[in-house]
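Novice: Data: model.tsv, TSV, C-alpha atoms.
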chain	number	residue	atom	x	y	z
A	142	MET	CA	92.48	94.54	85.02
A	143	SER	CA	89.27	94.39	83.04
A	144	PRO	CA	89.00	91.69	80.34
A	145	GLN	CA	86.76	94.06	78.36
A	146	ILE	CA	87.60	97.00	76.09
A	147	LEU	CA	87.93	100.17	78.18
A	148	ASP	CA	86.53	103.54	77.12
A	149	ASN	CA	89.80	105.31	77.97
A	150	ALA	CA	92.89	105.07	80.15
A	151	LEU	CA	91.01	106.14	83.27
A	152	GLY	CA	89.37	102.73	83.23
A	153	ALA	CA	92.84	101.25	83.78
A	154	VAL	CA	93.50	103.27	86.93
A	155	GLY	CA	94.02	101.02	89.95
A	156	HIS	CA	93.13	97.30	89.88
A	157	THR	CA	96.79	96.59	90.66
A	158	PRO	CA	98.15	93.19	91.77
A	159	LEU	CA	99.05	92.05	95.27
A	160	ILE	CA	102.25	90.03	94.85
A	161	ARG	CA	104.10	87.72	97.24
A	162	LEU	CA	107.58	88.91	98.22
A	163	ASP	CA	108.69	85.41	99.19
A	164	LYS	CA	112.39	85.69	98.40
A	165	ILE	CA	112.79	88.79	100.54
A	166	ALA	CA	110.75	87.16	103.30
A	167	ARG	CA	113.04	84.10	103.28
A	168	GLN	CA	116.17	86.25	103.33
A	169	HIS	CA	114.89	87.97	106.47
A	170	ASN	CA	113.68	84.75	108.12
A	171	LEU	CA	110.06	85.86	108.10
A	172	LYS	CA	107.39	83.21	108.60
A	173	CYS	CA	104.56	85.64	107.83
A	174	ASN	CA	103.35	86.38	104.30
A	175	LEU	CA	105.05	89.50	102.94
A	176	LEU	CA	102.89	90.98	100.16
A	177	GLY	CA	103.48	93.97	97.87
A	178	LYS	CA	100.66	96.09	96.42
A	179	VAL	CA	102.31	97.09	93.13
A	180	GLU	CA	100.92	100.47	92.12
A	181	TYR	CA	103.17	101.25	89.17
A	182	MET	CA	100.96	98.92	87.14
A	183	SER	CA	98.19	101.53	87.21
A	184	ALA	CA	97.63	103.42	83.94
A	185	GLY	CA	99.61	106.53	84.90
A	186	GLY	CA	102.28	104.63	86.78
A	187	SER	CA	101.53	105.33	90.44
A	188	VAL	CA	99.12	105.10	93.36
A	189	LYS	CA	98.33	108.79	92.79
A	190	ASP	CA	96.37	107.98	89.63
A	191	ARG	CA	93.54	106.98	91.94
A	192	ILE	CA	93.17	110.34	93.67
A	193	ALA	CA	93.66	112.31	90.44
A	194	LYS	CA	90.78	110.46	88.82
A	195	ALA	CA	88.61	110.80	91.94
A	196	MET	CA	89.27	114.53	92.40
A	197	VAL	CA	88.60	115.40	88.75
A	198	GLU	CA	85.40	113.36	88.55
A	199	ALA	CA	84.12	114.80	91.85
A	200	ALA	CA	84.83	118.36	90.68
A	201	GLU	CA	82.91	117.64	87.46
A	202	ARG	CA	79.92	116.33	89.39
A	203	GLU	CA	79.97	119.42	91.59
A	204	GLY	CA	80.14	121.76	88.58
A	205	ARG	CA	83.54	123.13	89.61
A	206	LEU	CA	85.21	122.07	86.34
A	207	ILE	CA	83.88	123.74	83.20
A	208	PRO	CA	84.77	122.07	79.88
A	209	GLY	CA	86.70	124.39	77.60
A	210	LYS	CA	87.37	126.93	80.35
A	211	SER	CA	88.78	125.43	83.53
A	212	VAL	CA	92.53	125.34	84.12
A	213	VAL	CA	93.56	122.72	86.67
A	214	ILE	CA	96.49	123.91	88.80
A	215	GLU	CA	98.17	121.62	91.33
A	216	PRO	CA	101.25	121.72	93.56
A	217	THR	CA	102.71	118.23	93.64
A	218	SER	CA	105.86	116.15	94.01
A	219	GLY	CA	105.03	114.71	90.60
A	220	ASN	CA	102.87	111.63	90.67
A	221	THR	CA	99.59	113.38	91.46
A	222	GLY	CA	100.45	115.82	88.70
A	223	ILE	CA	101.01	113.01	86.23
A	224	GLY	CA	97.67	111.45	87.20
A	225	LEU	CA	95.92	114.82	86.80
A	226	ALA	CA	97.64	115.53	83.49
A	227	MET	CA	96.53	112.11	82.22
A	228	ALA	CA	92.93	112.66	83.34
A	229	CYS	CA	92.83	116.19	81.95
A	230	ALA	CA	94.34	115.12	78.61
A	231	ILE	CA	91.47	112.65	78.29
A	232	LYS	CA	88.80	115.09	79.46
A	233	GLY	CA	90.11	118.21	77.71
A	234	TYR	CA	91.21	120.50	80.56
A	235	SER	CA	94.37	122.60	80.61
A	236	VAL	CA	96.84	121.79	83.39
A	237	ILE	CA	99.55	123.68	85.25
A	238	ILE	CA	101.80	121.77	87.66
A	239	THR	CA	104.10	123.41	90.21
A	240	LEU	CA	106.96	121.09	91.11
A	241	PRO	CA	109.92	121.46	93.54
A	242	ASN	CA	113.35	121.43	91.90
A	243	LYS	CA	114.25	118.23	93.77
A	244	MET	CA	111.81	116.17	91.74
A	245	SER	CA	113.12	114.19	88.80
A	246	LEU	CA	113.50	115.28	85.20
A	247	GLU	CA	111.50	112.21	84.20
A	248	LYS	CA	108.48	113.50	86.09
A	249	GLU	CA	108.68	116.86	84.34
A	250	ALA	CA	109.11	115.16	80.96
A	251	ALA	CA	106.08	112.92	81.55
A	252	LEU	CA	104.01	115.93	82.61
A	253	ARG	CA	104.97	117.92	79.53
A	254	ALA	CA	104.36	114.91	77.29
A	255	LEU	CA	100.80	114.81	78.65
A	256	GLY	CA	100.34	118.48	77.79
A	257	ALA	CA	100.88	120.08	81.19
A	258	GLU	CA	102.73	123.33	81.82
A	259	VAL	CA	105.38	122.85	84.52
A	260	ILE	CA	106.81	125.47	86.88
A	261	ARG	CA	109.77	124.50	89.06
A	262	THR	CA	110.11	125.95	92.57
A	263	PRO	CA	112.89	125.99	95.20
A	264	THR	CA	113.05	122.74	97.13
A	265	GLU	CA	114.18	124.56	100.27
A	266	ALA	CA	111.17	126.91	100.29
A	267	ALA	CA	108.89	126.29	103.27
A	268	TRP	CA	105.43	125.06	102.37
A	269	ASP	CA	103.81	128.40	103.32
A	270	SER	CA	106.36	130.52	101.48
A	271	PRO	CA	105.15	132.48	98.39
A	272	GLU	CA	108.02	130.83	96.49
A	273	SER	CA	107.02	127.26	97.34
A	274	HIS	CA	105.19	124.98	94.94
A	275	ILE	CA	102.05	125.59	97.01
A	276	GLY	CA	102.55	129.37	97.08
A	277	ILE	CA	103.15	129.62	93.32
A	278	ALA	CA	100.09	127.47	92.59
A	279	GLN	CA	97.95	129.73	94.75
A	280	LYS	CA	99.25	132.85	92.98
A	281	LEU	CA	98.47	131.35	89.57
A	282	GLN	CA	95.01	130.28	90.71
A	283	ARG	CA	94.22	133.85	91.84
A	284	GLU	CA	95.23	135.40	88.53
A	285	ILE	CA	94.26	132.87	85.85
A	286	PRO	CA	90.56	132.96	84.86
A	287	TYR	CA	88.81	129.69	85.70
A	288	GLY	CA	91.91	128.42	87.46
A	289	ILE	CA	91.15	125.76	90.06
A	290	ILE	CA	93.33	123.95	92.59
A	291	LEU	CA	91.85	120.54	93.37
A	292	ASP	CA	94.19	120.48	96.39
A	293	GLN	CA	95.27	116.97	97.22
A	294	TYR	CA	96.34	118.17	100.68
A	295	ARG	CA	92.76	119.03	101.74
A	296	ASN	CA	90.51	117.26	99.23
A	297	VAL	CA	88.38	114.60	100.94
A	298	ASN	CA	88.42	112.60	97.72
A	299	ASN	CA	92.11	111.87	98.32
A	300	PRO	CA	91.66	109.48	101.27
A	301	LEU	CA	88.20	108.51	100.01
A	302	ALA	CA	89.68	107.17	96.76
A	303	HIS	CA	91.80	104.76	98.77
A	304	GLU	CA	89.01	103.85	101.14
A	305	LEU	CA	86.83	102.94	98.15
A	306	THR	CA	89.41	101.36	95.82
A	307	THR	CA	92.91	100.57	97.14
A	308	GLY	CA	91.76	99.17	100.47
A	309	PRO	CA	88.97	97.00	99.04
A	310	GLU	CA	91.32	95.64	96.35
A	311	ILE	CA	93.78	94.55	99.05
A	312	ILE	CA	91.01	92.96	101.10
A	313	GLU	CA	89.58	91.13	98.08
A	314	ALA	CA	92.97	89.72	97.09
A	315	VAL	CA	93.71	88.41	100.57
A	316	VAL	CA	90.22	87.03	101.25
A	317	SER	CA	90.00	85.39	97.80
A	318	THR	CA	93.29	83.53	98.21
A	319	PRO	CA	92.68	80.21	99.99
A	320	SER	CA	94.83	79.11	102.88
A	321	THR	CA	96.75	75.89	102.13
A	322	SER	CA	99.31	73.82	103.97
A	323	ALA	CA	101.99	75.14	101.63
A	324	ARG	CA	100.78	78.74	101.84
A	325	PRO	CA	98.88	79.29	105.09
A	326	SER	CA	96.87	82.48	105.48
A	327	SER	CA	94.91	84.08	108.30
A	328	GLY	CA	92.37	85.12	105.67
A	329	LYS	CA	92.71	88.77	106.59
A	330	VAL	CA	95.07	91.72	106.36
A	331	ASP	CA	96.95	91.63	109.66
A	332	VAL	CA	99.42	94.47	109.03
A	333	MET	CA	99.42	97.30	106.48
A	334	VAL	CA	102.59	99.33	105.84
A	335	ALA	CA	102.65	102.49	103.70
A	336	GLY	CA	104.64	105.68	103.36
A	337	ALA	CA	102.99	109.04	103.92
A	338	GLY	CA	103.14	112.12	101.70
A	339	THR	CA	99.82	113.90	101.76
A	340	GLY	CA	98.78	111.01	103.98
A	341	GLY	CA	95.64	110.31	102.00
A	342	THR	CA	96.81	106.87	100.94
A	343	ILE	CA	97.53	105.45	104.39
A	344	THR	CA	94.51	107.19	105.94
A	345	GLY	CA	92.07	105.89	103.35
A	346	ILE	CA	93.43	102.35	103.29
A	347	SER	CA	93.35	102.23	107.09
A	348	ARG	CA	89.72	103.26	107.15
A	349	ALA	CA	88.80	100.58	104.63
A	350	LEU	CA	90.64	97.87	106.55
A	351	LYS	CA	89.50	98.79	110.04
A	352	LYS	CA	85.88	99.68	109.25
A	353	THR	CA	84.94	96.78	107.01
A	354	HIS	CA	87.53	94.04	107.35
A	355	ASN	CA	89.73	93.75	110.44
A	356	LYS	CA	89.41	96.29	113.24
A	357	ASP	CA	92.59	94.88	114.78
A	358	CYS	CA	94.72	95.41	111.66
A	359	ILE	CA	97.99	97.14	112.58
A	360	VAL	CA	98.69	100.10	110.30
A	361	VAL	CA	102.32	101.23	110.14
A	362	GLY	CA	103.21	104.61	108.64
A	363	VAL	CA	106.66	105.25	107.15
A	364	ASP	CA	108.04	108.80	107.19
A	365	PRO	CA	111.47	109.89	105.92
A	366	LYS	CA	113.99	111.40	108.29
A	367	GLY	CA	113.69	115.17	107.90
A	368	SER	CA	109.90	115.09	107.59
A	369	ILE	CA	107.48	115.86	110.46
A	370	LEU	CA	104.53	113.58	109.65
A	371	ALA	CA	105.27	110.78	112.12
A	372	PHE	CA	103.47	110.71	115.46
A	373	PRO	CA	104.30	111.37	118.24
A	374	ASP	CA	106.32	114.44	117.31
A	375	THR	CA	109.29	113.23	119.33
A	376	LEU	CA	110.02	110.75	116.52
A	377	ASN	CA	110.81	113.68	114.22
A	378	ALA	CA	112.96	115.77	116.55
A	379	ALA	CA	116.38	114.28	115.79
A	380	ASP	CA	116.31	114.97	112.04
A	381	GLU	CA	113.71	117.73	111.67
A	382	GLY	CA	114.52	119.95	108.69
A	383	ALA	CA	117.16	117.62	107.25
A	384	GLN	CA	117.11	117.22	103.47
A	385	TYR	CA	116.30	113.81	102.03
A	386	ILE	CA	116.51	112.40	98.51
A	387	VAL	CA	113.52	110.05	98.39
A	388	GLU	CA	110.64	111.69	96.51
A	389	GLY	CA	106.91	111.63	97.09
A	390	ILE	CA	106.78	111.06	100.85
A	391	GLY	CA	107.29	113.34	103.84
A	392	TYR	CA	106.46	117.02	104.35
A	393	ASP	CA	107.32	120.02	106.51
A	394	PHE	CA	103.65	120.49	107.43
A	395	ILE	CA	100.74	118.23	108.35
A	396	PRO	CA	98.26	117.92	105.44
A	397	ASP	CA	94.59	117.99	106.40
A	398	VAL	CA	93.92	114.61	104.75
A	399	LEU	CA	96.41	112.80	106.99
A	400	SER	CA	94.99	111.25	110.13
A	401	ARG	CA	97.67	111.01	112.80
A	402	ASP	CA	95.13	109.50	115.18
A	403	PRO	CA	96.74	106.32	116.58
A	404	ALA	CA	93.42	104.60	115.97
A	405	ASP	CA	94.00	105.05	112.21
A	406	VAL	CA	97.80	104.82	111.97
A	407	ASN	CA	98.87	102.73	114.93
A	408	THR	CA	102.61	103.28	114.78
A	409	TRP	CA	105.28	105.07	112.75
A	410	ILE	CA	108.75	104.17	111.48
A	411	LYS	CA	111.32	106.75	110.33
A	412	SER	CA	113.27	105.80	107.20
A	413	GLY	CA	116.57	106.96	105.70
A	414	ASP	CA	117.66	107.33	102.09
A	415	GLU	CA	120.32	104.62	102.14
A	416	GLU	CA	118.08	101.93	103.60
A	417	SER	CA	115.32	102.93	101.17
A	418	PHE	CA	117.55	102.56	98.14
A	419	ALA	CA	118.97	99.28	99.44
A	420	ALA	CA	115.39	98.00	99.69
A	421	VAL	CA	114.70	99.11	96.10
A	422	ARG	CA	117.61	96.94	95.02
A	423	LEU	CA	116.18	94.03	97.01
A	424	LEU	CA	112.85	94.38	95.24
A	425	MET	CA	114.47	94.61	91.82
A	426	ARG	CA	117.07	91.87	92.15
A	427	ASN	CA	114.96	89.39	94.13
A	428	GLU	CA	111.36	89.99	93.10
A	429	GLY	CA	111.80	91.52	89.63
A	430	LEU	CA	109.83	94.62	90.59
A	431	LEU	CA	111.07	97.88	89.04
A	432	VAL	CA	109.93	100.16	91.85
A	433	GLY	CA	110.82	103.72	92.85
A	434	GLY	CA	112.55	105.05	95.94
A	435	SER	CA	109.47	105.47	98.14
A	436	SER	CA	108.65	101.78	97.60
A	437	GLY	CA	112.03	101.06	99.13
A	438	SER	CA	111.07	103.27	102.06
A	439	SER	CA	107.89	101.26	102.58
A	440	LEU	CA	109.73	97.94	102.45
A	441	SER	CA	112.59	99.05	104.69
A	442	GLY	CA	110.05	100.41	107.16
A	443	ALA	CA	108.14	97.12	107.11
A	444	LEU	CA	111.29	95.06	107.70
A	445	LYS	CA	112.38	97.39	110.50
A	446	TRP	CA	108.98	97.12	112.20
A	447	LEU	CA	108.91	93.32	111.81
A	448	GLN	CA	112.26	93.17	113.62
A	449	SER	CA	110.95	95.29	116.50
A	450	ASP	CA	109.48	93.92	119.72
A	451	ALA	CA	106.00	94.86	118.51
A	452	GLY	CA	106.42	93.26	115.10
A	453	ARG	CA	108.35	90.13	115.97
A	454	VAL	CA	105.26	88.15	116.94
A	455	ILE	CA	103.76	88.84	113.50
A	456	ALA	CA	107.04	88.05	111.75
A	457	GLU	CA	107.29	84.67	113.46
A	458	THR	CA	103.69	83.58	112.83
A	459	GLU	CA	102.88	81.57	109.71
A	460	GLY	CA	99.85	82.79	107.81
A	461	MET	CA	99.90	86.39	109.05
A	462	ASN	CA	99.51	88.75	106.09
A	463	VAL	CA	101.71	91.85	105.98
A	464	VAL	CA	100.91	94.15	103.04
A	465	VAL	CA	103.44	96.74	101.87
A	466	LEU	CA	102.30	99.52	99.54
A	467	LEU	CA	104.72	100.04	96.62
A	468	PRO	CA	103.61	103.46	95.30
A	469	ASP	CA	105.38	103.86	91.95
A	470	GLY	CA	107.99	102.53	89.54
A	471	ILE	CA	111.53	103.34	88.49
A	472	ARG	CA	110.33	105.15	85.32
A	473	ASN	CA	110.41	108.45	87.21
A	474	TYR	CA	113.94	108.09	88.60
A	475	MET	CA	116.20	106.59	85.94
A	476	SER	CA	118.43	109.66	85.69
A	477	LYS	CA	118.83	110.01	89.45
A	478	PRO	CA	122.37	109.43	90.76
A	479	TRP	CA	121.20	106.91	93.37
A	480	PHE	CA	119.65	104.72	90.67
A	481	LEU	CA	122.49	105.08	88.16
A	482	LYS	CA	124.96	104.10	90.87
A	483	MET	CA	122.85	101.06	91.70
A	484	ALA	CA	122.36	100.00	88.09
A	485	MET	CA	125.55	101.05	86.30
A	486	GLU	CA	128.15	100.83	89.06
A	487	ALA	CA	127.03	97.65	90.75
A	488	GLU	CA	129.63	95.22	92.03
A	489	PRO	CA	130.50	92.82	89.19
A	490	SER	CA	128.99	89.36	89.49
A	491	PRO	CA	130.87	86.06	89.07
A	492	LEU	CA	129.26	85.83	85.64
A	493	ALA	CA	130.95	89.10	84.71
A	494	GLY	CA	134.30	87.39	85.19
A	495	THR	CA	133.32	84.69	82.71
A	496	ILE	CA	132.19	87.32	80.21
A	497	ALA	CA	135.49	89.18	80.63
A	498	ARG	CA	137.52	86.06	79.82
A	499	ILE	CA	135.46	85.28	76.75
A	500	LEU	CA	135.33	88.79	75.29
A	501	TYR	CA	138.59	90.36	76.39
A	502	GLY	CA	141.06	87.54	75.90
A	503	GLY	CA	143.20	85.37	78.13
A	504	ASP	CA	143.87	81.67	78.43
A	505	SER	CA	140.71	80.06	79.78
A	506	GLU	CA	142.54	77.38	81.77
A	507	SER	CA	144.95	79.79	83.42
A	508	ASP	CA	142.11	82.23	84.01
A	509	GLU	CA	140.14	79.52	85.76
A	510	GLU	CA	143.05	79.05	88.11
A	511	LYS	CA	143.11	82.78	88.79
A	512	GLU	CA	139.36	83.25	89.18
A	513	PRO	CA	138.86	86.52	91.13
A	514	THR	CA	137.32	85.97	94.54
A	515	THR	CA	136.92	89.49	95.93
A	516	PRO	CA	135.10	92.60	94.71
A	517	GLU	CA	138.46	94.35	94.36
A	518	GLU	CA	139.79	91.62	92.07
A	519	PHE	CA	136.63	91.75	90.00
A	520	ASP	CA	136.91	95.53	89.72
A	521	ALA	CA	140.49	95.19	88.52
A	522	ARG	CA	139.60	92.74	85.74
A	523	VAL	CA	136.03	93.46	84.71
A	524	MET	CA	134.73	96.54	83.00
A	525	HIS	CA	131.52	98.17	84.13
A	526	PRO	CA	128.97	98.88	81.37
A	527	LYS	CA	129.90	102.58	81.26
A	528	GLN	CA	133.60	101.70	80.81
A	529	MET	CA	132.70	99.26	78.04
A	530	GLN	CA	130.72	101.97	76.28
A	531	GLU	CA	133.52	104.52	76.57
A	532	GLN	CA	136.14	102.11	75.23
A	533	GLY	CA	134.00	100.36	72.61
A	534	VAL	CA	135.61	97.05	73.54
A	535	ASN	CA	135.86	94.63	70.57
A	536	GLY	CA	133.24	96.69	68.74
A	537	ILE	CA	130.55	95.02	70.82
A	538	VAL	CA	129.15	97.98	72.73
A	539	PRO	CA	127.63	99.68	69.65
A	540	MET	CA	125.40	96.63	69.35
A	541	LEU	CA	124.31	96.94	72.98
A	542	GLY	CA	122.42	100.21	72.88
A	543	PHE	CA	120.68	99.41	76.11
A	544	LEU	CA	123.91	100.04	77.97
A	545	SER	CA	124.09	103.70	76.98
A	546	LEU	CA	123.41	106.36	79.56
Could you spell out this file's structure in C-alpha cells?

Specialist:
Amino acid sequence: MSPQILDNALGAVGHTPLIRLDKIARQHNLKCNLLGKVEYMSAGGSVKDRIAKAMVEAAEREGRLIPGKSVVIEPTSGNTGIGLAMACAIKGYSVIITLPNKMSLEKEAALRALGAEVIRTPTEAAWDSPESHIGIAQKLQREIPYGIILDQYRNVNNPLAHELTTGPEIIEAVVSTPSTSARPSSGKVDVMVAGAGTGGTITGISRALKKTHNKDCIVVGVDPKGSILAFPDTLNAADEGAQYIVEGIGYDFIPDVLSRDPADVNTWIKSGDEESFAAVRLLMRNEGLLVGGSSGSSLSGALKWLQSDAGRVIAETEGMNVVVLLPDGIRNYMSKPWFLKMAMEAEPSPLAGTIARILYGGDSESDEEKEPTTPEEFDARVMHPKQMQEQGVNGIVPMLGFLSL
C-alpha cells in the first residue's frame, strides 16, 4: 500500500500482502512455508479488481470507451462486476452487470451501491444459451447504443494484469524476505496454487513466475467438482454437470484466457464444497483471515496436493515456498447458508460453558463438577447466539447487536 495520498480508489487496487499460514502448516505437519496472497485487501475486495482496472484503462487507451456515452456491460459471477462498477463509478461510465441467480445477495447489493444495473439470470442456463448471463449481456450490447462488453473471458488484459501485477508482487515479497535459521526460505516461489474461473489469474501469475523468476515453479490449478476446466478432461468426467455452491471458480466452458497447457498449469486438483468451506473455517479460526469460499477451495486444493506423492517432497522440505491465492473475503457471502451455519451454529466451545454458568444461573461449584465434556452435553446446556437472541436471555442480547442475523 502506498504511503502517499492516492488520486482515487484505483490506486489502491492490488498491492496485497503475502501472509504466513503457519498455524495451518503446523496442524498439517508441513515443513514448507505455506503463504497466502490475501486479495480481499484490494480496494474493491477481490483479485478481480486488478483485471477490471486493466480492462477499463486499456479500452480508454484504445478509444473504445467514450466518456459520457459508453455503457459497460459484463457477464460475471460478481467480483469482476464489482471491480468494473468501482472503476466506472470513478471514471463516469454507466454499468450493466448480468449475474447468475446462484451468486450472493451481497454481490448484487455491492454492485447496486456502486451504481450498476443488475440483471439476474438462471444458474442452470448453459453458457451459450440466450438466457445465460453471457447471452443476456450480448443481447443488451447489441441493442444499447455505445454498449461495450470488455469480456473478461477473452480479454488479453485479464491474464496480463496478473502477469504484470499479482505475479511480480508475489515474487517481490518472497525474494525480499531473508532466509533465517528460524524461518528458512529457498528465496523463490516453489509452488503456486490458485483456483480457476476465467483462468486469467492462474495463467497470468504462472507466466510471471515461470518467465522471470523460477522456470521450475510448480503451478497447481484448483477446479470445483462439476466444472470442466481441469486438464486432462478425464479429471472432470465423474462430476461433470454437477451443481456446486462455491462461487467465482469453475465453468461449463473453457474461457479463451485460460491456458490449460501443462507448461503453464502443471497439474490440477478437483475440490468439493464441504472441504472448501472447512478450509475457510481453518483460515478464519487459525489465521484470522475473513476469506470467501473460493479461498477455501484454493487452500483445500493446496493441502490435498501437498499430501499427494508429487507434493510430499515439497511438504517435507524446510524453506520451500508454497503460495496459495486467496481471491476474496467473506463480505460477499455473509447471508449464505454455509457461512451462517459455520458462524452461528458452530459447536459451543468450553468457554461457552463458563459463560452459561455465569449468565444463566447454577451453583458454580456443582457446575464445575458437572462440566460438560461432549458436544451433545454442551448443546444441551449452552444456547447458540440465535437462541439467545430469540429468547432475550437476562436482557443481555439487546445489548449485543452484533449477534443479530

Novice: Report the distance between atom CA of Pro216 of chain A and atom CA of Thr239 of chain A in Å, rounded to one decimal place.

Specialist: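 A separation of 4.7 Å between them.
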
Novice: When you count all atoms listed in the file, which of these residues is closest to Thr217 of chain A: A:Gly338, A:Gly185, A:Gly367, A:Gly433?

Specialist: A:Gly338

Novice: For a quick check of understanding, using only C-alpha atoms, which of A:Asp414, A:Asp331, A:Glu284, A:Glu272 has the smallest distance to Ala383 of chain A?

Specialist: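 Of all the options, A:Asp414 lies closest to Ala383 of chain A.
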
Novice: Considering only C-alpha atoms, return as a ChimeraX atom specification whatever protein or nucleic-acid residues lie within 9 Å of segment 300-315 of chain A, sequence-local ones (same chain, fewer than 3 positions apart) excluded.

Specialist: /A:155-159,178,188,191-192,194-196,296-297,318-319,326-330,340-350,353-354,398-399,462,464

Novice: Choose the residue, out of A:Ser435, A:Thr262, A:Asn407, A:Ser441, that has the smallest atom-to-atom separation from Asp357 of chain A; count all atoms listed in the file.

Specialist: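 Of the candidates, the smallest distance to Asp357 of chain A is held by A:Asn407.
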
Novice: Smallest atom-to-atom distance to Thr321 of chain A: which of A:Gly209, A:Gly437, A:Gly460, A:Gly452, using all atoms listed in the file?

Specialist: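 Ranking A:Gly209, A:Gly437, A:Gly460, A:Gly452 by distance to Thr321 of chain A, first place goes to A:Gly460.
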
Novice: Can you tell me, as a list of chain:residue names, what residues are no more than 10 Å from Pro286 of chain A when counting all atoms listed in the file, ignoring any on the same chain fewer than 5 positions away?

Specialist: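 So the residues in contact are A:Lys210, A:Ser211, A:Val212, A:Leu281.
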
Novice: Using only C-alpha atoms, find the one residue out of A:Val465, A:Leu255, A:Val421, A:Ile277 that sits nearest to Val361 of chain A.

Specialist: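 Selected residue with least distance to Val361 of chain A: A:Val465.
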
Novice: Report, in Å to a single decimal, how far apart atom CA of Ser436 of chain A and atom CA of Leu467 of chain A are.

Specialist: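 Atom-to-atom, atom CA of Leu467 of chain A to atom CA of Ser436 of chain A, that is 4.4 Å.
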
Novice: Dump as a list of chain:residue names all residues having an atom at most 6 Å from (115.8, 109.0, 104.5), computed in the file's coordinates with only C-alpha atoms.

Specialist: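 Selection result: A:Pro365, A:Lys366, A:Tyr385, A:Ser412, A:Gly413, A:Asp414.
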